>>> print(open('coords-v8.txt').read())   # compact mmCIF, C-alpha atoms and all ligand atoms
# COMPACT_ATOMS: atom_id res chain seq x y z
CA MET S 1 -2.82 25.07 9.08
CA ALA S 2 -2.24 22.64 6.22
CA LEU S 3 -1.72 23.98 2.70
CA LEU S 4 -4.45 23.28 0.18
CA TRP S 5 -3.55 20.13 -1.76
CA GLU S 6 -3.08 22.16 -4.99
CA GLU S 7 -0.57 24.43 -3.22
CA PHE S 8 1.29 21.37 -1.94
CA TYR S 9 1.77 20.08 -5.50
CA ASP S 10 2.68 23.57 -6.77
CA ARG S 11 5.42 23.90 -4.17
CA THR S 12 6.78 20.33 -4.12
CA PRO S 13 9.20 19.34 -6.91
CA ARG S 14 7.96 16.64 -9.27
CA PRO S 15 10.11 13.46 -8.98
CA SER S 16 12.53 13.04 -11.89
CA ASN S 17 11.27 9.50 -12.73
CA LEU S 18 7.55 10.40 -12.66
CA ASP S 19 7.18 10.57 -16.48
CA GLU S 20 8.55 7.04 -16.78
CA ASN S 21 6.21 5.75 -14.06
CA GLU S 22 3.23 7.50 -15.68
CA LYS S 23 3.94 5.65 -18.94
CA LEU S 24 4.02 2.34 -17.11
CA LEU S 25 0.79 3.14 -15.26
CA ASN S 26 -1.09 4.28 -18.37
CA ASN S 27 0.03 1.25 -20.41
CA PHE S 28 -0.96 -1.12 -17.60
CA ALA S 29 -4.40 0.46 -17.22
CA LYS S 30 -5.02 0.39 -21.00
CA HIS S 31 -3.92 -3.24 -21.26
CA HIS S 32 -6.34 -4.35 -18.54
CA ILE S 33 -9.29 -2.31 -19.69
CA GLU S 34 -8.92 -4.04 -23.09
CA LYS S 35 -8.90 -7.41 -21.31
CA ASN S 36 -11.96 -6.40 -19.29
CA ASN S 37 -10.05 -6.97 -16.04
CA LYS S 38 -10.45 -5.24 -12.70
CA ILE S 39 -7.47 -3.45 -11.16
CA VAL S 40 -6.57 -2.79 -7.56
CA LEU S 41 -4.06 -0.09 -6.65
CA ILE S 42 -2.38 -1.13 -3.40
CA THR S 43 -0.21 1.34 -1.52
CA SER S 44 2.15 -0.25 0.96
CA GLY S 45 4.96 0.66 3.36
CA GLY S 46 5.78 3.91 5.14
CA THR S 47 6.77 7.26 3.66
CA THR S 48 9.87 9.15 4.80
CA VAL S 49 10.10 12.86 5.48
CA PRO S 50 13.66 14.07 4.80
CA LEU S 51 15.16 16.64 7.17
CA GLU S 52 17.84 17.67 4.64
CA HIS S 53 17.93 17.91 0.82
CA ASN S 54 21.14 15.88 0.82
CA THR S 55 19.39 13.44 3.09
CA VAL S 56 21.22 11.82 5.95
CA ARG S 57 18.35 11.99 8.43
CA PHE S 58 14.64 11.53 7.96
CA VAL S 59 11.43 10.85 9.90
CA ASP S 60 9.78 7.55 9.00
CA ASN S 61 6.26 6.14 9.30
CA PHE S 62 5.75 2.64 10.60
CA SER S 63 4.88 -0.09 8.06
CA ALA S 64 6.86 -3.16 7.05
CA GLY S 65 4.63 -3.78 4.03
CA ASN S 66 3.04 -7.00 5.30
CA ARG S 67 -0.54 -5.84 4.80
CA GLY S 68 0.03 -4.62 1.25
CA SER S 69 2.26 -7.40 -0.06
CA ILE S 70 0.12 -10.22 1.37
CA SER S 71 -3.10 -8.62 0.11
CA ALA S 72 -1.59 -8.25 -3.39
CA GLU S 73 -1.21 -12.03 -3.66
CA TYR S 74 -4.85 -12.63 -2.62
CA PHE S 75 -6.15 -10.03 -5.09
CA LEU S 76 -4.18 -11.80 -7.84
CA ASP S 77 -5.77 -15.11 -6.77
CA HIS S 78 -9.17 -13.49 -7.35
CA GLY S 79 -8.23 -12.40 -10.88
CA TYR S 80 -7.54 -8.72 -10.22
CA ALA S 81 -4.59 -7.02 -11.88
CA VAL S 82 -2.48 -5.28 -9.21
CA ILE S 83 -0.57 -2.01 -9.17
CA PHE S 84 1.68 -2.43 -6.17
CA MET S 85 2.93 1.00 -5.13
CA HIS S 86 5.38 0.38 -2.36
CA ARG S 87 8.17 1.83 -0.29
CA LEU S 88 11.52 0.85 -1.74
CA LYS S 89 12.92 -2.16 0.18
CA SER S 90 9.67 -2.90 2.03
CA LEU S 91 8.02 -6.32 1.58
CA GLU S 92 6.82 -7.23 -1.91
CA PRO S 93 4.39 -9.92 -3.11
CA PHE S 94 6.01 -13.35 -3.69
CA SER S 95 9.53 -12.36 -2.60
CA ARG S 96 8.14 -11.63 0.89
CA HIS S 97 8.23 -15.40 1.51
CA PHE S 98 12.01 -15.37 1.18
CA SER S 99 12.99 -12.20 3.00
CA GLY S 100 16.02 -12.07 5.29
CA HIS S 101 17.71 -15.30 6.31
CA LYS S 102 14.69 -17.40 5.14
CA PHE S 103 16.15 -17.14 1.65
CA LEU S 104 19.40 -18.77 2.73
CA ASP S 105 17.69 -21.35 4.96
CA ILE S 106 15.81 -22.89 2.05
CA MET S 107 18.96 -23.67 0.09
CA ASN S 108 21.32 -26.61 0.34
CA LEU S 109 24.95 -26.41 -0.64
CA THR S 110 26.74 -29.59 -1.76
CA MET S 111 30.20 -30.23 -3.07
CA ILE S 112 31.01 -33.43 -4.96
CA ASN S 113 34.39 -33.87 -6.65
CA ASP S 114 35.13 -30.17 -6.46
CA VAL S 115 31.80 -29.32 -8.13
CA THR S 116 29.59 -27.05 -6.06
CA SER S 117 25.86 -27.21 -6.50
CA ILE S 118 23.01 -25.34 -4.90
CA SER S 119 19.51 -26.78 -4.58
CA VAL S 120 16.28 -26.11 -2.73
CA ALA S 121 16.08 -28.18 0.46
CA PRO S 122 13.50 -30.97 -0.09
CA GLN S 123 11.20 -29.82 2.74
CA TYR S 124 10.70 -26.46 0.95
CA VAL S 125 10.18 -27.69 -2.60
CA ASN S 126 6.36 -27.91 -2.40
CA LYS S 127 5.97 -24.50 -0.86
CA ILE S 128 8.40 -22.81 -3.23
CA SER S 129 7.08 -24.41 -6.39
CA LYS S 130 3.57 -23.19 -5.51
CA ILE S 131 4.79 -19.61 -5.03
CA LEU S 132 7.03 -19.75 -8.10
CA ARG S 133 4.20 -21.09 -10.29
CA LYS S 134 1.89 -18.24 -9.24
CA TYR S 135 4.64 -15.68 -9.73
CA LYS S 136 5.46 -16.90 -13.25
CA GLU S 137 1.76 -16.97 -14.21
CA THR S 138 1.37 -13.41 -12.91
CA LEU S 139 4.30 -12.25 -15.04
CA LYS S 140 3.04 -14.11 -18.12
CA ASP S 141 -0.39 -12.48 -17.80
CA ASN S 142 1.16 -9.06 -17.09
CA LYS S 143 -1.00 -8.87 -13.95
CA LEU S 144 1.43 -7.09 -11.62
CA LEU S 145 2.98 -3.63 -11.94
CA GLN S 146 5.35 -2.58 -9.18
CA ILE S 147 6.35 1.03 -8.69
CA CYS S 148 8.13 2.43 -5.68
CA PHE S 149 8.51 5.52 -3.55
CA THR S 150 10.61 6.50 -0.58
CA THR S 151 9.68 10.03 0.43
CA LEU S 152 6.29 11.55 1.20
CA SER S 153 6.49 13.81 -1.86
CA GLU S 154 7.32 10.88 -4.19
CA TYR S 155 4.34 9.02 -2.70
CA LEU S 156 1.90 11.88 -3.20
CA TRP S 157 3.00 12.57 -6.79
CA LEU S 158 2.85 8.89 -7.70
CA LEU S 159 -0.54 8.42 -6.03
CA ARG S 160 -2.07 11.21 -8.08
CA SER S 161 -0.59 9.84 -11.33
CA ALA S 162 -1.78 6.31 -10.51
CA CYS S 163 -5.29 7.61 -9.86
CA GLN S 164 -5.31 9.52 -13.12
CA ALA S 165 -4.26 6.38 -15.00
CA LEU S 166 -7.08 4.43 -13.33
CA THR S 167 -9.90 6.80 -14.32
CA ILE S 168 -10.51 4.76 -17.51
CA LEU S 169 -11.35 1.72 -15.36
CA GLU S 170 -14.25 3.65 -13.77
CA ASN S 171 -15.91 1.44 -11.13
CA ARG S 172 -13.71 -1.58 -11.99
CA ALA S 173 -10.86 -0.08 -9.96
CA ILE S 174 -10.29 -0.51 -6.24
CA LEU S 175 -7.95 1.74 -4.28
CA TYR S 176 -6.53 -0.04 -1.25
CA LEU S 177 -4.59 2.60 0.65
CA ALA S 178 -2.60 0.58 3.18
CA ALA S 179 0.57 2.70 3.15
CA ALA S 180 1.41 4.61 6.32
CA VAL S 181 1.60 8.18 5.13
CA SER S 182 3.19 10.97 7.10
CA ASP S 183 0.96 13.74 8.38
CA PHE S 184 3.91 16.15 8.86
CA TYR S 185 6.73 17.34 6.61
CA ILE S 186 9.27 20.07 5.99
CA PRO S 187 8.49 22.04 2.82
CA SER S 188 11.23 21.88 0.20
CA ASN S 189 12.04 25.62 0.48
CA GLU S 190 12.47 25.36 4.28
CA MET S 191 14.66 22.27 4.33
CA ALA S 192 18.40 22.44 5.10
CA LEU S 193 20.57 21.77 2.05
CA HIS S 194 23.30 19.81 3.85
CA LYS S 195 23.44 17.50 6.84
CA ILE S 196 22.21 19.41 9.90
CA SER S 197 25.10 20.21 12.21
CA SER S 198 25.12 18.37 15.54
CA SER S 199 27.02 21.15 17.32
CA GLY S 200 23.76 22.27 18.98
CA ALA S 201 20.23 20.92 19.45
CA PRO S 202 18.42 21.57 16.14
CA SER S 203 15.06 23.23 16.03
CA ILE S 204 12.90 21.44 13.46
CA HIS S 205 9.56 22.85 12.40
CA LEU S 206 7.21 20.35 10.76
CA GLN S 207 4.09 21.42 8.89
CA LEU S 208 0.83 19.57 8.30
CA VAL S 209 0.45 17.59 5.06
CA PRO S 210 -2.88 18.18 3.30
CA LYS S 211 -5.04 15.02 3.27
CA VAL S 212 -5.17 13.92 -0.35
CA LEU S 213 -8.09 11.53 0.22
CA GLU S 214 -10.39 14.45 -0.42
CA PRO S 215 -9.31 15.27 -4.02
CA LEU S 216 -8.70 11.58 -4.63
CA VAL S 217 -12.33 10.67 -3.90
CA ASN S 218 -13.92 13.75 -5.44
CA LEU S 219 -11.71 14.50 -8.43
CA TRP S 220 -8.98 12.01 -9.30
CA VAL S 221 -10.86 8.69 -9.34
CA SER S 222 -14.42 9.66 -8.51
CA LYS S 223 -15.85 6.39 -9.88
CA ALA S 224 -13.49 3.94 -8.14
CA PHE S 225 -14.14 1.90 -4.99
CA VAL S 226 -11.93 3.55 -2.37
CA VAL S 227 -10.72 1.84 0.80
CA SER S 228 -8.54 3.63 3.32
CA PHE S 229 -6.87 2.20 6.41
CA LYS S 230 -6.87 3.74 9.87
CA LEU S 231 -4.08 2.85 12.26
CA GLU S 232 -4.30 3.73 15.95
CA THR S 233 -2.59 2.58 19.12
CA ASP S 234 -5.51 3.46 21.46
CA GLU S 235 -8.48 1.18 20.87
CA ASN S 236 -10.85 3.63 22.59
CA ILE S 237 -10.61 6.03 19.66
CA LEU S 238 -10.17 3.59 16.75
CA ILE S 239 -13.77 3.30 15.56
CA SER S 240 -14.65 6.95 16.09
CA LYS S 241 -11.57 8.02 14.09
CA ALA S 242 -12.39 5.56 11.32
CA ARG S 243 -15.99 6.75 11.14
CA GLU S 244 -14.84 10.37 11.20
CA ALA S 245 -12.63 9.69 8.14
CA LEU S 246 -15.49 7.91 6.35
CA THR S 247 -17.86 10.81 6.95
CA LYS S 248 -15.29 13.43 6.02
CA TYR S 249 -14.07 11.86 2.78
CA ASN S 250 -17.25 10.03 1.85
CA HIS S 251 -15.49 7.00 0.36
CA ASN S 252 -16.55 3.35 0.44
CA LEU S 253 -14.79 1.78 3.39
CA VAL S 254 -12.31 2.30 6.21
CA ILE S 255 -10.42 -0.71 7.53
CA ALA S 256 -9.43 0.09 11.10
CA ASN S 257 -6.60 -1.63 12.94
CA ILE S 258 -4.66 -1.38 16.18
CA LEU S 259 -0.88 -1.51 15.86
CA GLN S 260 -0.39 -4.39 18.29
CA THR S 261 -3.18 -6.65 16.96
CA ARG S 262 -3.18 -5.71 13.26
CA LYS S 263 -2.20 -9.21 12.14
CA GLN S 264 -5.12 -10.90 13.94
CA GLN S 265 -7.95 -8.39 13.82
CA VAL S 266 -9.36 -5.51 11.77
CA VAL S 267 -12.70 -3.70 11.78
CA PHE S 268 -14.60 -2.92 8.56
CA VAL S 269 -16.29 0.46 8.94
CA SER S 270 -18.74 1.43 6.17
CA GLN S 271 -21.83 3.63 5.78
CA GLU S 272 -24.02 0.55 6.37
CA ASN S 273 -22.35 -1.04 9.42
CA ASP S 274 -19.17 -1.93 11.38
CA TYR S 275 -17.96 -5.46 11.80
CA ILE S 276 -14.90 -7.22 13.13
CA LEU S 277 -12.85 -9.65 11.09
CA SER S 278 -10.52 -11.73 13.22
CA LEU S 279 -8.54 -14.93 13.04
CA THR S 280 -9.36 -17.77 15.46
CA ASN S 281 -6.52 -19.29 17.48
CA GLU S 282 -6.72 -22.35 15.25
CA GLN S 283 -6.35 -20.21 12.11
CA ILE S 284 -3.36 -18.43 13.63
CA GLN S 285 -1.73 -21.78 14.47
CA ASN S 286 -2.36 -22.99 10.90
CA GLY S 287 -0.53 -19.94 9.56
CA GLU S 288 -3.65 -18.36 8.00
CA GLU S 289 -3.28 -14.71 7.03
CA ILE S 290 -5.99 -12.18 7.90
CA GLU S 291 -5.49 -10.53 4.48
CA LYS S 292 -7.12 -13.59 2.87
CA PHE S 293 -10.38 -12.71 4.66
CA ILE S 294 -9.98 -8.95 4.21
CA VAL S 295 -9.61 -9.40 0.45
CA GLN S 296 -12.50 -11.93 0.21
CA ASN S 297 -14.83 -9.54 2.04
CA LEU S 298 -13.72 -6.59 0.01
CA ILE S 299 -14.21 -8.28 -3.33
CA GLU S 300 -17.76 -9.26 -2.35
CA LYS S 301 -18.44 -5.63 -1.45
CA HIS S 302 -16.92 -4.42 -4.71
CA GLU S 303 -19.07 -6.85 -6.75
CA ILE S 304 -22.28 -5.81 -4.96
CA TRP S 305 -21.41 -2.14 -5.37
CA MET S 306 -20.68 -2.51 -9.11
CA ARG S 307 -23.99 -4.35 -9.60
CA SER S 308 -25.89 -1.66 -7.67
CA GLN S 309 -24.43 1.02 -9.94
CA LYS S 310 -25.63 -0.78 -13.06
CA LEU S 311 -29.17 -0.68 -11.63
CA ASP S 312 -29.14 3.10 -11.10
O1 LIG S 401 2.73 -2.88 6.63
P1 LIG S 401 2.34 -3.48 7.94
O2 LIG S 401 3.50 -3.55 8.88
O3 LIG S 401 1.64 -4.79 7.74
O4 LIG S 401 1.29 -2.48 8.63
C1 LIG S 401 0.08 -2.23 8.00
C2 LIG S 401 -0.52 -0.88 8.49
C3 LIG S 401 -0.77 -0.98 9.99
C4 LIG S 401 0.46 0.26 8.21
C5 LIG S 401 -1.84 -0.68 7.68
O5 LIG S 401 -2.75 -1.71 8.01
C6 LIG S 401 -2.48 0.69 7.99
O6 LIG S 401 -3.22 0.85 8.94
N1 LIG S 401 -2.17 1.70 7.13
C7 LIG S 401 -2.67 3.10 7.27
C8 LIG S 401 -1.88 3.80 8.34
C9 LIG S 401 -2.02 5.31 8.32
O7 LIG S 401 -1.10 5.98 7.99
O8 LIG S 401 -3.18 5.85 8.63
P2 LIG S 401 -3.44 7.47 8.70
O9 LIG S 401 -4.40 7.69 9.78
O10 LIG S 401 -2.18 8.26 8.77
O11 LIG S 401 -4.06 7.76 7.28
C10 LIG S 401 -5.39 7.42 7.02
C11 LIG S 401 -5.62 7.50 5.53
O12 LIG S 401 -5.41 8.84 5.07
C12 LIG S 401 -4.67 6.59 4.76
O13 LIG S 401 -5.44 5.71 3.95
C13 LIG S 401 -3.85 7.52 3.90
O14 LIG S 401 -3.74 7.03 2.56
C14 LIG S 401 -4.64 8.81 3.89
N2 LIG S 401 -3.76 9.99 3.90
C15 LIG S 401 -2.75 10.10 4.77
C16 LIG S 401 -1.93 11.23 4.76
C17 LIG S 401 -2.20 12.23 3.79
N3 LIG S 401 -1.46 13.32 3.70
N4 LIG S 401 -3.22 12.10 2.94
C18 LIG S 401 -4.01 11.02 2.98
O15 LIG S 401 -4.95 10.92 2.22
>>> encode(input="coords-v8.txt", output="structure tokens")
Amino acid sequence: MALLWEEFYDRTPRPSNLDENEKLLNNFAKHHIEKNNKIVLITSGGTTVPLEHNTVRFVDNFSAGNRGSISAEYFLDHGYAVIFMHRLKSLEPFSRHFSGHKFLDIMNLTMINDVTSISVAPQYVNKISKILRKYKETLKDNKLLQICFTTLSEYLWLLRSACQALTILENRAILYLAAAVSDFYIPSNEMALHKISSSGAPSIHLQLVPKVLEPLVNLWVSKAFVVSFKLETDENILISKAREALTKYNHNLVIANILQTRKQQVVFVSQENDYILSLTNEQIQNGEEIEKFIVQNLIEKHEIWMRSQKLD
């Protein structure tokens, strides 16, 4: 059986940099409430579960950070301020366009009279200047706060602090929980201190992680618009699992996706209805990103929901 969420926090050491992150989160939330802006908290990337305190080995959850980093850029386009809470070294907004060798491919190296110069290859100038302009504007307007986690416990501590900072936004906050969060872990007091010996097959006992969506929706940010993601590999159970989560946690929306098709299709599952959002072949060929349509749809829902609350 999983521990109660309160017991999990009681027994899991608080990360040493949490105070610093809480200051950043609180200042960001205050700044944007004064500006009358809306904020989205995006979680992105997978959490790790260490097998040793001095960690050499860990269990990881699948997520490259595409969904979160792409969505962050579209939320910024729609005027939202973004808290991007991501796995260290997973994809980030703006820099995602230059990850890996792409970064080197866009540059030209020339040498004239012993003077070396580096420039952007002409065919990339348009694309890069567009991205760079948006990035600089985002920085100037203080619209993006990036904070990172690696382990499951860092994620869960940060998530709670981020929610607490967002309470002052009330219904102007969206939570967009796209990170892939481990359901199993080894409690701190049961974890080996040093690298597990390979002299024999180890016996590793993982325990269930309490689902924090429940306190998140009911206690931490009870006035925010909460969106969770559901990832499955078997399409026969996808919608029933998504609906189960919606009923259990009573939040606003579950976005369901299948691992293999997640970049082309998702299903919006809400109290009112289910519908599929998918890219056409033409859109795929034109390099369109499904996150553009996810974010557009979501913002419409958020607007309608905020208006309906004013009427109550
Ligand atoms: O980054 P990409 O490579 O683009 O991939 C994107 C994605 C496929 C990872 C993303 O679209 C996605 O589906 N993310 C959610 C995957 C997931 O972990 O689902 P889950 O069934 O484990 O969790 C469901 C929800 O419960 C999540 O919103 C999570 O925040 C929440 N949860 C999970 C564990 C936990 N202890 N407490 C929770 O509240």
>>> atom_distance(input="coords-v8.txt", atom1="atom C1 of ligand LIG 401 (chain S)", atom2="atom CA of Asp60 of chain S")
13.8 Å
>>> residues_near_ligand(input="coords-v8.txt", ligand="ligand LIG 401 (chain S)", cutoff="6 Å", atoms="all atoms listed in the file", output="list in words")
Gly45, Ser63, Ala64, Gly65, Asn66, Arg67, Leu177, Ala178, Ala179, Ala180, Val181, Ser182, Asp183, Val209, Pro210, Lys211, Val212, Leu213, Ser228, Phe229, Lys230, Leu231, Asn257 and Leu259 of chain S
>>> closest_residue(input="coords-v8.txt", among="S:Ala242, S:Leu41, S:Ile290, S:Leu156", to="Gln264 of chain S", atoms="all atoms listed in the file")
S:Ile290
>>> atom_distance(input="coords-v8.txt", atom1="atom CA of Glu214 of chain S", atom2="atom CA of Thr48 of chain S")
21.6 Å
>>> atom_distance(input="coords-v8.txt", atom1="atom CA of Ala201 of chain S", atom2="atom CA of Phe184 of chain S")
20.0 Å
>>> residues_around(input="coords-v8.txt", residues="segment 300-312 of chain S", least_positions_apart="5", cutoff="9 Å", atoms="all atoms listed in the file", output="VMD selection string")
chain S and resid 171 to 172 174 225 295
>>> write_last_selection(input="coords-v8.txt", atoms="C-alpha atoms", output="compact mmCIF listing (two decimals), keeping the file's coordinate frame")
# COMPACT_ATOMS: atom_id res chain seq x y z
CA ASN S 171 -15.91 1.44 -11.13
CA ARG S 172 -13.71 -1.58 -11.99
CA ILE S 174 -10.29 -0.51 -6.24
CA PHE S 225 -14.14 1.90 -4.99
CA VAL S 295 -9.61 -9.40 0.45
>>> residues_around(input="coords-v8.txt", residues="Thr233 of chain S", least_positions_apart="2", cutoff="10 Å", atoms="all atoms listed in the file", output="mmCIF file with C-alpha atoms, in the frame of the given file")
data_model
loop_
_atom_site.group_PDB
_atom_site.id
_atom_site.type_symbol
_atom_site.label_atom_id
_atom_site.label_comp_id
_atom_site.auth_asym_id
_atom_site.auth_seq_id
_atom_site.Cartn_x
_atom_site.Cartn_y
_atom_site.Cartn_z
ATOM 1 C CA LEU S 231 -4.080 2.850 12.260
ATOM 2 C CA GLU S 235 -8.480 1.180 20.870
ATOM 3 C CA ASN S 236 -10.850 3.630 22.590
ATOM 4 C CA ILE S 237 -10.610 6.030 19.660
ATOM 5 C CA LEU S 238 -10.170 3.590 16.750
ATOM 6 C CA ASN S 257 -6.600 -1.630 12.940
ATOM 7 C CA ILE S 258 -4.660 -1.380 16.180
ATOM 8 C CA LEU S 259 -0.880 -1.510 15.860
ATOM 9 C CA GLN S 260 -0.390 -4.390 18.290
ATOM 10 C CA THR S 261 -3.180 -6.650 16.960
#
>>> residues_around(input="coords-v8.txt", residues="Leu193 of chain S", least_positions_apart="5", cutoff="9 Å", atoms="all atoms listed in the file", output="list of chain:residue names")
S:Glu52, S:His53, S:Asn54, S:Thr55
>>> residues_around(input="coords-v8.txt", residues="Ile186 of chain S", least_positions_apart="5", cutoff="8 Å", atoms="only C-alpha atoms", output="list in words")
Val49, Pro50, Leu51, Met191, His205, Leu206 and Gln207 of chain S
>>> write_last_selection(input="coords-v8.txt", atoms="C-alpha atoms", output="PDB file, in the coordinates of the input")
ATOM      1  CA  VAL S  49      10.100  12.860   5.480  1.00  0.00           C
ATOM      2  CA  PRO S  50      13.660  14.070   4.800  1.00  0.00           C
ATOM      3  CA  LEU S  51      15.160  16.640   7.170  1.00  0.00           C
ATOM      4  CA  MET S 191      14.660  22.270   4.330  1.00  0.00           C
ATOM      5  CA  HIS S 205       9.560  22.850  12.400  1.00  0.00           C
ATOM      6  CA  LEU S 206       7.210  20.350  10.760  1.00  0.00           C
ATOM      7  CA  GLN S 207       4.090  21.420   8.890  1.00  0.00           C
TER       8      GLN S 207
END
>>> closest_residue(input="coords-v8.txt", among="S:Asn36, S:Asn61, S:Asn21, S:Asn26", to="Gln164 of chain S", atoms="only C-alpha atoms")
S:Asn26
>>> axis_aligned_box(input="coords-v8.txt", around="segment 259-262 of chain S", padding_each_side="5 Å", output="lines of an AutoDock Vina configuration file")
center_x = -1.8
center_y = -4.1
center_z = 15.8
size_x = 12.8
size_y = 15.1
size_z = 15.0
>>> build_atoms(input="coords-v8.txt", residues="segment 187-211 of chain S", atoms="N, CA and C atoms", output="PDB file, keeping the file's coordinate frame")
ATOM      1  N   PRO S 187       8.573  21.620   4.219  1.00  0.00           N
ATOM      2  CA  PRO S 187       8.490  22.040   2.820  1.00  0.00           C
ATOM      3  C   PRO S 187       9.890  22.186   2.208  1.00  0.00           C
ATOM      4  N   SER S 188       9.961  21.881   0.913  1.00  0.00           N
ATOM      5  CA  SER S 188      11.230  21.880   0.200  1.00  0.00           C
ATOM      6  C   SER S 188      12.025  23.178   0.413  1.00  0.00           C
ATOM      7  N   ASN S 189      11.329  24.331   0.381  1.00  0.00           N
ATOM      8  CA  ASN S 189      12.040  25.620   0.480  1.00  0.00           C
ATOM      9  C   ASN S 189      12.475  25.943   1.912  1.00  0.00           C
ATOM     10  N   GLU S 190      12.048  25.105   2.884  1.00  0.00           N
ATOM     11  CA  GLU S 190      12.470  25.360   4.280  1.00  0.00           C
ATOM     12  C   GLU S 190      13.465  24.321   4.777  1.00  0.00           C
ATOM     13  N   MET S 191      13.804  23.382   3.902  1.00  0.00           N
ATOM     14  CA  MET S 191      14.660  22.270   4.330  1.00  0.00           C
ATOM     15  C   MET S 191      16.140  22.644   4.212  1.00  0.00           C
ATOM     16  N   ALA S 192      16.958  22.182   5.176  1.00  0.00           N
ATOM     17  CA  ALA S 192      18.400  22.440   5.100  1.00  0.00           C
ATOM     18  C   ALA S 192      18.965  21.759   3.862  1.00  0.00           C
ATOM     19  N   LEU S 193      19.986  22.390   3.238  1.00  0.00           N
ATOM     20  CA  LEU S 193      20.570  21.770   2.050  1.00  0.00           C
ATOM     21  C   LEU S 193      21.463  20.599   2.457  1.00  0.00           C
ATOM     22  N   HIS S 194      22.324  20.847   3.455  1.00  0.00           N
ATOM     23  CA  HIS S 194      23.300  19.810   3.850  1.00  0.00           C
ATOM     24  C   HIS S 194      22.941  19.217   5.209  1.00  0.00           C
ATOM     25  N   LYS S 195      23.649  18.195   5.571  1.00  0.00           N
ATOM     26  CA  LYS S 195      23.440  17.500   6.840  1.00  0.00           C
ATOM     27  C   LYS S 195      23.405  18.520   7.991  1.00  0.00           C
ATOM     28  N   ILE S 196      22.357  18.449   8.807  1.00  0.00           N
ATOM     29  CA  ILE S 196      22.210  19.410   9.900  1.00  0.00           C
ATOM     30  C   ILE S 196      23.351  19.208  10.909  1.00  0.00           C
ATOM     31  N   SER S 197      23.968  20.301  11.296  1.00  0.00           N
ATOM     32  CA  SER S 197      25.100  20.210  12.210  1.00  0.00           C
ATOM     33  C   SER S 197      24.647  19.712  13.581  1.00  0.00           C
ATOM     34  N   SER S 198      25.483  18.891  14.214  1.00  0.00           N
ATOM     35  CA  SER S 198      25.120  18.370  15.540  1.00  0.00           C
ATOM     36  C   SER S 198      25.812  19.174  16.647  1.00  0.00           C
ATOM     37  N   SER S 199      26.320  20.362  16.298  1.00  0.00           N
ATOM     38  CA  SER S 199      27.020  21.150  17.320  1.00  0.00           C
ATOM     39  C   SER S 199      26.057  21.739  18.354  1.00  0.00           C
ATOM     40  N   GLY S 200      24.767  21.804  18.015  1.00  0.00           N
ATOM     41  CA  GLY S 200      23.760  22.270  18.980  1.00  0.00           C
ATOM     42  C   GLY S 200      22.450  21.547  18.711  1.00  0.00           C
ATOM     43  N   ALA S 201      21.518  21.595  19.669  1.00  0.00           N
ATOM     44  CA  ALA S 201      20.230  20.920  19.450  1.00  0.00           C
ATOM     45  C   ALA S 201      19.480  21.622  18.320  1.00  0.00           C
ATOM     46  N   PRO S 202      19.093  20.890  17.254  1.00  0.00           N
ATOM     47  CA  PRO S 202      18.420  21.570  16.140  1.00  0.00           C
ATOM     48  C   PRO S 202      16.980  21.911  16.505  1.00  0.00           C
ATOM     49  N   SER S 203      16.471  22.932  15.836  1.00  0.00           N
ATOM     50  CA  SER S 203      15.060  23.230  16.030  1.00  0.00           C
ATOM     51  C   SER S 203      14.396  22.905  14.689  1.00  0.00           C
ATOM     52  N   ILE S 204      13.500  21.918  14.705  1.00  0.00           N
ATOM     53  CA  ILE S 204      12.900  21.440  13.460  1.00  0.00           C
ATOM     54  C   ILE S 204      11.413  21.760  13.475  1.00  0.00           C
ATOM     55  N   HIS S 205      10.965  22.444  12.433  1.00  0.00           N
ATOM     56  CA  HIS S 205       9.560  22.850  12.400  1.00  0.00           C
ATOM     57  C   HIS S 205       8.846  22.064  11.306  1.00  0.00           C
ATOM     58  N   LEU S 206       7.950  21.176  11.731  1.00  0.00           N
ATOM     59  CA  LEU S 206       7.210  20.350  10.760  1.00  0.00           C
ATOM     60  C   LEU S 206       5.854  20.995  10.475  1.00  0.00           C
ATOM     61  N   GLN S 207       5.419  20.874   9.232  1.00  0.00           N
ATOM     62  CA  GLN S 207       4.090  21.420   8.890  1.00  0.00           C
ATOM     63  C   GLN S 207       3.126  20.287   8.545  1.00  0.00           C
ATOM     64  N   LEU S 208       1.835  20.586   8.599  1.00  0.00           N
ATOM     65  CA  LEU S 208       0.830  19.570   8.300  1.00  0.00           C
ATOM     66  C   LEU S 208       0.780  19.279   6.795  1.00  0.00           C
ATOM     67  N   VAL S 209       0.615  17.997   6.461  1.00  0.00           N
ATOM     68  CA  VAL S 209       0.450  17.590   5.060  1.00  0.00           C
ATOM     69  C   VAL S 209      -1.050  17.633   4.741  1.00  0.00           C
ATOM     70  N   PRO S 210      -1.442  18.233   3.613  1.00  0.00           N
ATOM     71  CA  PRO S 210      -2.880  18.180   3.300  1.00  0.00           C
ATOM     72  C   PRO S 210      -3.319  16.745   3.054  1.00  0.00           C
ATOM     73  N   LYS S 211      -4.519  16.380   3.496  1.00  0.00           N
ATOM     74  CA  LYS S 211      -5.040  15.020   3.270  1.00  0.00           C
ATOM     75  C   LYS S 211      -5.473  14.909   1.811  1.00  0.00           C
TER      76      LYS S 211
END
